[in-house]
>>> print(open('protein10.tsv').read())   # TSV, C-alpha atoms
chain	number	residue	atom	x	y	z
A	70	MET	CA	10.13	14.70	45.88
A	71	ILE	CA	7.86	17.09	47.68
A	72	LYS	CA	8.73	18.82	50.94
A	73	SER	CA	6.35	18.15	53.82
A	74	LYS	CA	5.11	20.86	56.17
A	75	LYS	CA	8.03	20.16	58.48
A	76	GLY	CA	10.47	20.66	55.61
A	77	GLY	CA	11.37	16.96	55.31
A	78	GLU	CA	11.25	15.03	52.02
A	79	LYS	CA	8.00	13.30	51.32
A	80	VAL	CA	9.21	10.32	49.34
A	81	LEU	CA	6.05	8.23	48.85
A	82	SER	CA	4.23	10.95	47.06
A	83	ILE	CA	0.98	10.15	45.35
A	84	TRP	CA	2.22	12.15	42.40
A	85	TRP	CA	5.24	9.92	41.94
A	86	PHE	CA	3.04	6.84	41.73
A	87	PHE	CA	0.71	8.67	39.41
A	88	CYS	CA	3.70	9.34	37.12
A	89	LEU	CA	4.77	5.69	37.30
A	90	ALA	CA	1.26	4.51	36.49
A	91	PHE	CA	1.11	6.95	33.60
A	92	VAL	CA	4.45	5.80	32.17
A	93	GLY	CA	3.56	2.13	32.73
A	94	ALA	CA	0.18	2.48	31.06
A	95	GLY	CA	1.85	4.23	28.11
A	96	ILE	CA	4.37	1.42	27.65
A	97	ILE	CA	1.72	-1.29	28.00
A	98	ILE	CA	-0.61	0.38	25.50
A	99	GLY	CA	2.31	0.92	23.08
A	100	VAL	CA	3.47	-2.69	23.30
A	101	LEU	CA	-0.07	-4.04	22.90
A	102	MET	CA	-0.70	-1.80	19.90
A	103	PHE	CA	2.60	-2.81	18.29
A	104	TYR	CA	2.16	-6.55	18.70
A	105	SER	CA	-1.55	-6.66	17.95
A	106	ALA	CA	-1.01	-4.82	14.67
A	107	GLU	CA	-1.34	-7.11	11.69
A	108	MET	CA	1.82	-8.41	10.11
A	109	ASN	CA	0.87	-7.64	6.57
A	110	VAL	CA	2.95	-9.46	3.99
A	111	ASN	CA	0.59	-8.80	1.09
A	112	ASN	CA	3.13	-6.51	-0.56
A	113	LEU	CA	5.73	-9.27	-0.52
A	114	GLU	CA	3.19	-11.78	-1.74
A	115	ALA	CA	2.15	-9.59	-4.66
A	116	ASP	CA	5.81	-9.00	-5.46
A	117	THR	CA	6.50	-12.74	-5.45
A	118	LEU	CA	3.49	-13.32	-7.69
A	119	ALA	CA	4.71	-10.68	-10.17
A	120	ASN	CA	8.20	-12.17	-10.20
A	121	ARG	CA	6.85	-15.67	-10.67
A	122	ILE	CA	4.76	-14.62	-13.68
A	123	ALA	CA	7.63	-12.61	-15.18
A	124	ASP	CA	9.87	-15.63	-14.77
A	125	CYS	CA	7.52	-18.03	-16.50
A	126	ILE	CA	6.53	-15.85	-19.47
A	127	SER	CA	10.15	-15.15	-20.33
A	128	ASP	CA	13.05	-17.31	-21.30
A	129	ASN	CA	16.50	-15.76	-21.16
A	130	GLY	CA	15.09	-12.30	-21.84
A	131	TYR	CA	12.85	-13.51	-24.65
A	132	LEU	CA	9.07	-13.46	-24.44
A	133	LYS	CA	7.61	-16.94	-24.82
A	134	GLU	CA	5.00	-17.67	-27.44
A	135	MET	CA	1.82	-16.13	-26.04
A	136	GLN	CA	-0.74	-17.87	-28.23
A	137	ASN	CA	-2.76	-20.38	-26.18
A	138	PHE	CA	-0.56	-19.65	-23.20
A	139	ASP	CA	-2.07	-21.18	-20.04
A	140	VAL	CA	-0.66	-18.93	-17.36
A	141	TYR	CA	-1.91	-21.08	-14.46
A	142	LYS	CA	-0.27	-24.19	-15.83
A	143	GLU	CA	2.94	-22.58	-17.07
A	144	CYS	CA	3.49	-20.50	-13.94
A	145	LYS	CA	2.31	-23.27	-11.56
A	146	LEU	CA	-0.37	-21.07	-10.02
A	147	ASN	CA	-3.26	-22.44	-8.04
A	148	GLU	CA	-6.66	-21.37	-9.34
A	149	ARG	CA	-8.18	-21.72	-5.86
A	150	PHE	CA	-6.66	-18.42	-4.82
A	151	ASP	CA	-8.46	-16.24	-7.29
A	152	GLU	CA	-10.50	-14.81	-4.43
A	153	THR	CA	-7.48	-13.43	-2.64
A	154	HIS	CA	-5.07	-12.89	-5.52
A	155	PHE	CA	-5.23	-11.25	-8.89
A	156	PHE	CA	-2.82	-10.58	-11.71
A	157	ARG	CA	-2.91	-8.92	-15.09
A	158	VAL	CA	-0.16	-9.10	-17.66
A	159	SER	CA	-0.40	-6.55	-20.48
A	160	PHE	CA	1.88	-6.22	-23.46
A	161	TYR	CA	2.75	-2.82	-24.87
A	162	ASN	CA	5.04	-1.45	-27.51
A	163	GLN	CA	8.46	-0.49	-26.30
A	164	ASP	CA	7.44	3.14	-25.77
A	165	SER	CA	4.46	1.83	-23.75
A	166	SER	CA	1.98	3.97	-25.65
A	167	GLN	CA	0.08	1.27	-27.48
A	168	LYS	CA	-0.85	-2.32	-26.93
A	169	ALA	CA	1.67	-4.63	-28.53
A	170	THR	CA	0.35	-6.56	-31.46
A	171	GLN	CA	1.37	-10.02	-32.52
A	172	HIS	CA	3.55	-8.21	-34.99
A	173	THR	CA	4.37	-4.55	-34.62
A	174	PRO	CA	3.19	-2.13	-37.34
A	175	GLN	CA	6.68	-1.45	-38.70
A	176	GLN	CA	7.34	-5.13	-39.12
A	177	ALA	CA	3.89	-5.63	-40.54
A	178	ILE	CA	4.62	-3.07	-43.24
A	179	LEU	CA	7.90	-4.79	-44.04
A	180	VAL	CA	6.23	-8.16	-44.19
A	181	LEU	CA	3.39	-6.88	-46.29
A	182	THR	CA	5.55	-5.03	-48.76
A	183	SER	CA	7.83	-8.01	-49.15
A	184	ALA	CA	4.98	-10.46	-49.58
A	185	PHE	CA	2.32	-8.54	-51.46
A	186	SER	CA	3.07	-6.12	-54.21
A	187	GLY	CA	-0.53	-5.21	-54.90
A	188	GLY	CA	-1.79	-4.76	-51.28
A	189	ALA	CA	-2.37	-7.26	-48.49
A	190	PRO	CA	-5.56	-9.25	-48.00
A	191	ARG	CA	-7.80	-8.09	-45.13
A	192	GLU	CA	-7.38	-11.27	-43.05
A	193	VAL	CA	-3.60	-10.86	-43.12
A	194	ILE	CA	-3.89	-7.26	-41.92
A	195	SER	CA	-6.23	-8.26	-39.08
A	196	GLN	CA	-3.91	-11.06	-38.09
A	197	ILE	CA	-0.97	-8.70	-38.00
A	198	SER	CA	-2.72	-5.97	-36.05
A	199	LYS	CA	-4.25	-8.33	-33.50
A	200	PRO	CA	-3.03	-7.29	-30.04
A	201	ILE	CA	-1.51	-9.82	-27.69
A	202	GLU	CA	-4.24	-10.62	-25.22
A	203	ASP	CA	-3.81	-9.82	-21.54
A	204	LEU	CA	-3.16	-12.70	-19.20
A	205	MET	CA	-5.25	-12.23	-16.10
A	206	GLY	CA	-6.78	-13.78	-13.03
A	207	LYS	CA	-10.51	-14.03	-12.46
A	208	SER	CA	-11.11	-11.64	-9.60
A	209	THR	CA	-11.20	-8.34	-11.46
A	210	SER	CA	-12.89	-6.73	-8.45
A	211	LEU	CA	-9.53	-6.78	-6.68
A	212	GLU	CA	-8.05	-4.79	-9.52
A	213	ASN	CA	-10.82	-2.21	-9.20
A	214	ILE	CA	-10.12	-1.87	-5.48
A	215	CYS	CA	-6.48	-1.23	-6.35
A	216	LYS	CA	-7.51	1.59	-8.66
A	217	ALA	CA	-9.62	3.08	-5.87
A	218	GLU	CA	-6.80	2.66	-3.38
A	219	ALA	CA	-4.46	4.67	-5.59
A	220	GLY	CA	-6.53	7.77	-4.83
A	221	LEU	CA	-6.31	7.33	-1.07
A	222	ASN	CA	-3.49	8.38	1.22
A	223	LYS	CA	-3.81	5.44	3.55
A	224	ALA	CA	-6.13	2.50	3.21
A	225	LEU	CA	-6.43	-0.14	5.90
A	226	ASN	CA	-7.36	-3.74	5.09
A	227	PHE	CA	-7.16	-3.02	1.39
A	228	PRO	CA	-5.43	-5.38	-1.02
A	229	ARG	CA	-1.83	-4.56	-1.80
A	230	CYS	CA	-1.05	-3.95	-5.44
A	231	ILE	CA	2.30	-4.15	-7.18
A	232	LYS	CA	3.05	-2.94	-10.69
A	233	ARG	CA	6.17	-4.01	-12.53
A	234	VAL	CA	7.42	-3.33	-16.04
A	235	TYR	CA	9.75	-5.72	-17.79
A	236	TYR	CA	11.24	-5.30	-21.25
A	237	LEU	CA	11.51	-8.49	-23.22
A	238	HIS	CA	12.61	-9.37	-26.71
A	239	TYR	CA	10.01	-10.91	-28.91
A	240	GLU	CA	10.72	-13.23	-31.78
A	241	SER	CA	8.24	-15.00	-33.94
A	242	VAL	CA	7.80	-16.49	-37.35
A	243	PHE	CA	5.05	-15.04	-39.48
A	244	LYS	CA	3.65	-17.36	-42.11
A	245	ILE	CA	2.43	-15.90	-45.38
A	246	GLU	CA	1.25	-18.30	-48.02
A	247	GLY	CA	3.62	-21.04	-46.87
A	248	THR	CA	6.59	-18.73	-46.50
A	249	ASP	CA	8.12	-18.23	-43.03
A	250	VAL	CA	8.99	-14.62	-42.33
A	251	PRO	CA	10.97	-14.23	-39.07
A	252	ILE	CA	10.22	-11.05	-37.15
A	253	SER	CA	11.45	-9.64	-33.84
A	254	ASP	CA	10.86	-6.67	-31.57
A	255	ASP	CA	11.02	-5.50	-27.95
A	256	VAL	CA	7.87	-5.40	-25.86
A	257	ALA	CA	7.13	-3.80	-22.53
A	258	VAL	CA	5.37	-6.27	-20.25
A	259	TRP	CA	3.26	-4.63	-17.54
A	260	ILE	CA	2.47	-6.93	-14.65
A	261	THR	CA	-0.05	-5.99	-11.99
A	262	ALA	CA	-0.18	-8.35	-9.02
A	263	VAL	CA	-2.61	-8.07	-6.14
A	264	SER	CA	-2.82	-9.90	-2.85
A	265	ASN	CA	-5.55	-9.63	-0.26
A	266	GLN	CA	-4.88	-12.63	1.93
A	267	GLN	CA	-5.30	-12.13	5.68
A	268	GLY	CA	-4.78	-15.62	7.05
A	269	GLU	CA	-6.74	-16.91	10.01
A	270	ARG	CA	-6.48	-18.50	13.42
A	271	VAL	CA	-7.62	-22.09	13.55
A	272	SER	CA	-8.27	-24.47	16.40
A	273	ILE	CA	-6.65	-27.86	15.80
B	238	MET	CA	31.67	-7.09	55.09
B	239	ARG	CA	31.89	-3.38	54.43
B	240	ASN	CA	28.67	-3.49	52.50
B	241	LYS	CA	26.83	-5.29	55.27
B	242	ARG	CA	28.08	-2.76	57.76
B	243	GLY	CA	27.03	0.05	55.43
B	244	ILE	CA	23.52	-1.28	55.08
B	245	ALA	CA	23.22	-1.87	58.80
B	246	ARG	CA	24.40	1.64	59.44
B	247	LEU	CA	21.89	2.97	56.94
B	248	LEU	CA	19.03	1.12	58.56
B	249	LYS	CA	19.91	2.37	62.01
B	250	ASN	CA	19.59	5.97	63.03
B	251	ARG	CA	22.38	8.13	64.49
B	252	LYS	CA	21.84	6.82	67.99
B	253	GLY	CA	22.18	3.22	66.82
B	254	GLU	CA	18.50	2.48	67.37
B	255	GLU	CA	16.07	0.65	65.11
B	256	PRO	CA	15.58	1.98	61.55
B	257	SER	CA	13.93	5.34	61.53
B	258	GLU	CA	10.67	5.99	59.70
B	259	GLU	CA	12.51	8.06	57.10
B	260	VAL	CA	14.84	5.19	56.15
B	261	SER	CA	11.99	2.70	55.99
B	262	VAL	CA	10.13	4.98	53.64
B	263	HIS	CA	13.19	5.21	51.39
B	264	VAL	CA	13.56	1.42	51.32
B	265	ILE	CA	9.88	0.91	50.53
B	266	PHE	CA	10.14	3.55	47.83
B	267	ILE	CA	13.11	1.84	46.15
B	268	VAL	CA	11.54	-1.61	46.44
B	269	LEU	CA	8.26	-0.43	44.91
B	270	ASN	CA	10.10	1.23	42.05
B	271	LEU	CA	12.11	-1.91	41.40
B	272	VAL	CA	8.96	-4.05	41.47
B	273	PHE	CA	7.31	-1.70	39.02
B	274	PHE	CA	10.16	-1.73	36.50
B	275	VAL	CA	10.73	-5.50	36.79
B	276	ALA	CA	7.02	-6.10	36.17
B	277	LEU	CA	7.13	-3.78	33.18
B	278	LEU	CA	10.18	-5.53	31.69
B	279	TYR	CA	8.55	-8.92	32.27
B	280	PHE	CA	5.41	-7.80	30.49
B	281	VAL	CA	7.34	-6.42	27.49
B	282	SER	CA	9.52	-9.53	27.16
B	283	ARG	CA	6.47	-11.80	27.37
B	284	ALA	CA	4.55	-9.76	24.84
B	285	SER	CA	7.44	-9.78	22.37
B	286	SER	CA	7.89	-13.55	22.53
B	287	GLY	CA	4.23	-14.51	22.52
B	288	ALA	CA	3.29	-17.80	20.92
B	289	THR	CA	0.46	-16.29	18.90
B	290	ILE	CA	2.82	-13.78	17.30
B	291	LEU	CA	5.29	-16.55	16.48
B	292	GLU	CA	2.56	-18.64	14.87
B	293	GLU	CA	1.52	-15.83	12.54
B	294	ARG	CA	5.11	-14.87	11.75
B	295	TYR	CA	6.27	-18.39	10.89
B	296	ALA	CA	3.12	-19.26	8.93
B	297	LYS	CA	3.58	-16.22	6.71
B	298	GLN	CA	7.32	-16.80	6.37
B	299	VAL	CA	6.87	-20.41	5.25
B	300	ALA	CA	4.03	-19.51	2.86
B	301	LEU	CA	6.15	-16.78	1.26
B	302	MET	CA	9.05	-19.19	0.88
B	303	LEU	CA	6.80	-21.75	-0.77
B	304	ASP	CA	5.39	-19.08	-3.10
B	305	ALA	CA	8.89	-18.33	-4.31
B	306	ALA	CA	10.08	-21.94	-4.35
B	307	LYS	CA	10.60	-24.03	-7.46
B	308	PRO	CA	10.47	-27.80	-7.89
B	309	GLY	CA	13.74	-29.42	-6.86
B	310	MET	CA	14.44	-26.99	-4.04
B	311	ILE	CA	15.10	-28.18	-0.50
B	312	ILE	CA	14.38	-25.75	2.34
B	313	HIS	CA	15.91	-26.27	5.78
B	314	PHE	CA	13.79	-24.52	8.38
B	315	ASP	CA	15.29	-23.89	11.80
B	316	PHE	CA	13.00	-22.63	14.57
B	317	GLY	CA	15.96	-21.83	16.79
B	318	LYS	CA	15.22	-20.73	20.36
B	319	ASP	CA	11.50	-20.37	19.57
B	320	LEU	CA	11.25	-24.15	19.69
B	321	GLU	CA	11.53	-23.94	23.47
B	322	ILE	CA	8.31	-21.89	23.61
B	323	ALA	CA	6.49	-24.61	21.67
B	324	LYS	CA	7.89	-27.31	23.93
B	325	LYS	CA	6.77	-25.38	27.01
B	326	ASN	CA	3.27	-25.33	25.53
B	327	GLY	CA	3.36	-29.07	24.86
B	328	VAL	CA	3.91	-28.91	21.09
B	329	THR	CA	6.61	-31.07	19.56
B	330	LEU	CA	8.73	-30.24	16.52
B	331	GLU	CA	6.71	-32.71	14.42
B	332	ASN	CA	3.50	-30.80	15.14
B	333	ILE	CA	4.69	-27.19	14.86
B	334	LEU	CA	4.51	-27.01	11.09
B	335	ARG	CA	1.79	-28.63	9.02
B	336	ILE	CA	1.53	-28.35	5.25
B	337	ASP	CA	-1.65	-29.30	3.45
B	338	ASN	CA	-0.72	-30.07	-0.15
B	339	ASP	CA	-4.35	-30.35	-1.27
B	340	LYS	CA	-5.56	-27.06	0.15
B	341	LYS	CA	-2.14	-25.41	-0.29
B	342	GLU	CA	-2.11	-24.24	3.30
B	343	VAL	CA	0.52	-23.79	5.95
B	344	ILE	CA	-0.53	-24.18	9.59
B	345	VAL	CA	1.87	-23.26	12.37
B	346	LYS	CA	1.05	-23.96	16.00
B	347	PHE	CA	3.05	-23.02	19.05
B	348	THR	CA	0.26	-23.72	21.54
B	349	SER	CA	-1.85	-26.80	22.09
B	350	LYS	CA	-5.04	-24.76	21.59
B	351	GLY	CA	-4.65	-23.85	17.92
B	352	GLY	CA	-2.52	-22.29	15.25
B	353	PHE	CA	-2.33	-19.81	12.40
B	354	LYS	CA	-3.25	-20.73	8.84
B	355	TYR	CA	-1.91	-19.07	5.69
B	356	SER	CA	-2.19	-20.21	2.08
B	357	TYR	CA	0.40	-20.26	-0.66
B	358	PHE	CA	-0.56	-19.70	-4.29
B	359	SER	CA	2.07	-21.78	-6.05
B	360	ASN	CA	0.96	-25.14	-7.35
B	361	ILE	CA	3.73	-27.24	-5.83
B	362	ASN	CA	3.91	-30.32	-3.65
B	363	VAL	CA	5.82	-30.15	-0.42
B	364	GLN	CA	7.26	-33.10	1.47
B	365	LYS	CA	8.05	-32.50	5.12
B	366	GLU	CA	10.82	-34.25	6.99
B	367	VAL	CA	11.61	-33.61	10.64
B	368	LYS	CA	15.11	-33.82	12.09
B	369	PRO	CA	14.52	-33.70	15.87
B	370	ASN	CA	18.22	-33.96	16.75
B	371	GLN	CA	18.97	-30.91	14.60
B	372	ASN	CA	15.85	-28.94	15.67
B	373	ARG	CA	14.90	-28.35	12.07
B	374	VAL	CA	12.27	-29.17	9.50
B	375	ILE	CA	13.26	-29.98	5.93
B	376	LEU	CA	10.84	-29.13	3.14
B	377	THR	CA	11.40	-30.74	-0.25
B	378	ILE	CA	9.61	-29.12	-3.19
B	379	THR	CA	8.42	-31.37	-6.01
>>> encode(input="protein10.tsv", output="structure tokens")
Amino acid sequence: MIKSKKGGEKVLSIWWFFCLAFVGAGIIIGVLMFYSAEMNVNNLEADTLANRIADCISDNGYLKEMQNFDVYKECKLNERFDETHFFRVSFYNQDSSQKATQHTPQQAILVLTSAFSGGAPREVISQISKPIEDLMGKSTSLENICKAEAGLNKALNFPRCIKRVYYLHYESVFKIEGTDVPISDDVAVWITAVSNQQGERVSI
Amino acid sequence: MRNKRGIARLLKNRKGEEPSEEVSVHVIFIVLNLVFFVALLYFVSRASSGATILEERYAKQVALMLDAAKPGMIIHFDFGKDLEIAKKNGVTLENILRIDNDKKEVIVKFTSKGGFKYSYFSNINVQKEVKPNQNRVILTIT
């Protein structure tokens, strides 16, 4: 309150209403900014996608057979969403330094030495050292955006990327000249899941 | 009674005459302040319970649930007090939530003008059942 010339209190001061207007405008702008901000659930979506893939490629902690594995069919994923979603599943050795092969080198040596005394044929070696192929979606551009995003502090309207590592046991039977040789190992499964869905308002 | 007397005394000056200019100014000042803060609270409460926000929130919630759902699951979805907002806008419980199994889309509308659309990536079929007496929607995943 400001004193008037006569010394009385000047209640309806212009400055008081200026303060009220200032506070009111601040609250209104804050509320509008808060509620107009996008509710981005892309992180959760990518997380759900990664979990869904991890769930369908494993069975009780064991990696399923990855040869001719149709990830869309097995994981019940819809191919229509390749524009807004992406995933890549890579298989590495347990120490995550090298791509996992169908059969790890140590096991390959064991298999080879037990099966061939005079050295293994070339096709057997190539079969053993063949890496497990990545399972992936079609929109690799989303993955590239994720790599770019990693170098930025804050990126608006960028896809959200999730990376998860799961350790699974791998068991398989390796056939050499009609003989079944069971082999097993642990593999690190790297899953990258990306979501860039925004949703939209529709008039119905 | 005491209160009434107190107010009357406040509005009259020392000589018992009509309210002085000073008192009137105080009353106007308090009333204007109250009007301002009530208007502000009304704005904030309206903004926080806006239909458009609810549409987006529910559409994304349902889509995320369907992404994580597996065949055989049954999801009971309760809109709670938000259902009243839809009813005020002329939208019934049957029309709030639409699920397009072909396009794999969820559309939620709380206003008669339109709604918010969000897709789910899981390849599942969803059957919707409405229980109006329980204010809930039941989604069966197959």
>>> interface_residues(input="protein10.tsv", of="chain A", to="chain B", cutoff="6 Å", atoms="all atoms listed in the file", output="PyMOL selection string")
chain A and resi 145-147+268-273
>>> atom_distance(input="protein10.tsv", atom1="atom CA of Leu132 of chain A", atom2="atom CA of Lys207 of chain A")
23.0 Å
>>> atom_distance(input="protein10.tsv", atom1="atom CA of Ile201 of chain A", atom2="atom CA of Cys144 of chain A")
18.1 Å
>>> residues_near_point(input="protein10.tsv", point="(7.3, -34.0, 7.6)", cutoff="8 Å", atoms="only C-alpha atoms", output="PyMOL selection string")
chain B and resi 331+335+364-367+374-376
>>> residues_around(input="protein10.tsv", residues="Asn129 of chain A", least_positions_apart="2", cutoff="12 Å", atoms="all atoms listed in the file", output="list in words")
Ala123, Asp124, Cys125, Ile126, Ser127, Tyr131, Leu132, Lys133, Tyr236, Leu237, His238 and Tyr239 of chain A
>>> write_last_selection(input="protein10.tsv", atoms="C-alpha atoms", output="PDB file, keeping the file's coordinate frame")
ATOM      1  CA  ALA A 123       7.630 -12.610 -15.180  1.00  0.00           C
ATOM      2  CA  ASP A 124       9.870 -15.630 -14.770  1.00  0.00           C
ATOM      3  CA  CYS A 125       7.520 -18.030 -16.500  1.00  0.00           C
ATOM      4  CA  ILE A 126       6.530 -15.850 -19.470  1.00  0.00           C
ATOM      5  CA  SER A 127      10.150 -15.150 -20.330  1.00  0.00           C
ATOM      6  CA  TYR A 131      12.850 -13.510 -24.650  1.00  0.00           C
ATOM      7  CA  LEU A 132       9.070 -13.460 -24.440  1.00  0.00           C
ATOM      8  CA  LYS A 133       7.610 -16.940 -24.820  1.00  0.00           C
ATOM      9  CA  TYR A 236      11.240  -5.300 -21.250  1.00  0.00           C
ATOM     10  CA  LEU A 237      11.510  -8.490 -23.220  1.00  0.00           C
ATOM     11  CA  HIS A 238      12.610  -9.370 -26.710  1.00  0.00           C
ATOM     12  CA  TYR A 239      10.010 -10.910 -28.910  1.00  0.00           C
TER      13      TYR A 239
END
>>> atom_distance(input="protein10.tsv", atom1="atom CA of Leu204 of chain A", atom2="atom CA of Tyr141 of chain A")
9.7 Å
>>> residues_around(input="protein10.tsv", residues="Gln266 of chain A", least_positions_apart="4", cutoff="8 Å", atoms="all atoms listed in the file", output="PDB file with C-alpha atoms, in the coordinates of the input")
ATOM      1  CA  ASN A 111       0.590  -8.800   1.090  1.00  0.00           C
ATOM      2  CA  THR A 153      -7.480 -13.430  -2.640  1.00  0.00           C
ATOM      3  CA  HIS A 154      -5.070 -12.890  -5.520  1.00  0.00           C
ATOM      4  CA  PRO A 228      -5.430  -5.380  -1.020  1.00  0.00           C
TER       5      PRO A 228
END
>>> closest_residue(input="protein10.tsv", among="B:Asn338, B:Asn332, B:Phe314, B:Phe347", to="Asn362 of chain B", atoms="all atoms listed in the file")
B:Asn338
>>> residues_around(input="protein10.tsv", residues="Glu321 of chain B", least_positions_apart="4", cutoff="12 Å", atoms="only C-alpha atoms", output="count of residues only")
16
>>> residues_around(input="protein10.tsv", residues="Ala169 of chain A", least_positions_apart="3", cutoff="6 Å", atoms="only C-alpha atoms", output="CSV table (one decimal) with C-alpha atoms, keeping the file's coordinate frame")
chain,number,residue,atom,x,y,z
A,160,PHE,CA,1.9,-6.2,-23.5
A,161,TYR,CA,2.8,-2.8,-24.9
A,162,ASN,CA,5.0,-1.4,-27.5
A,200,PRO,CA,-3.0,-7.3,-30.0
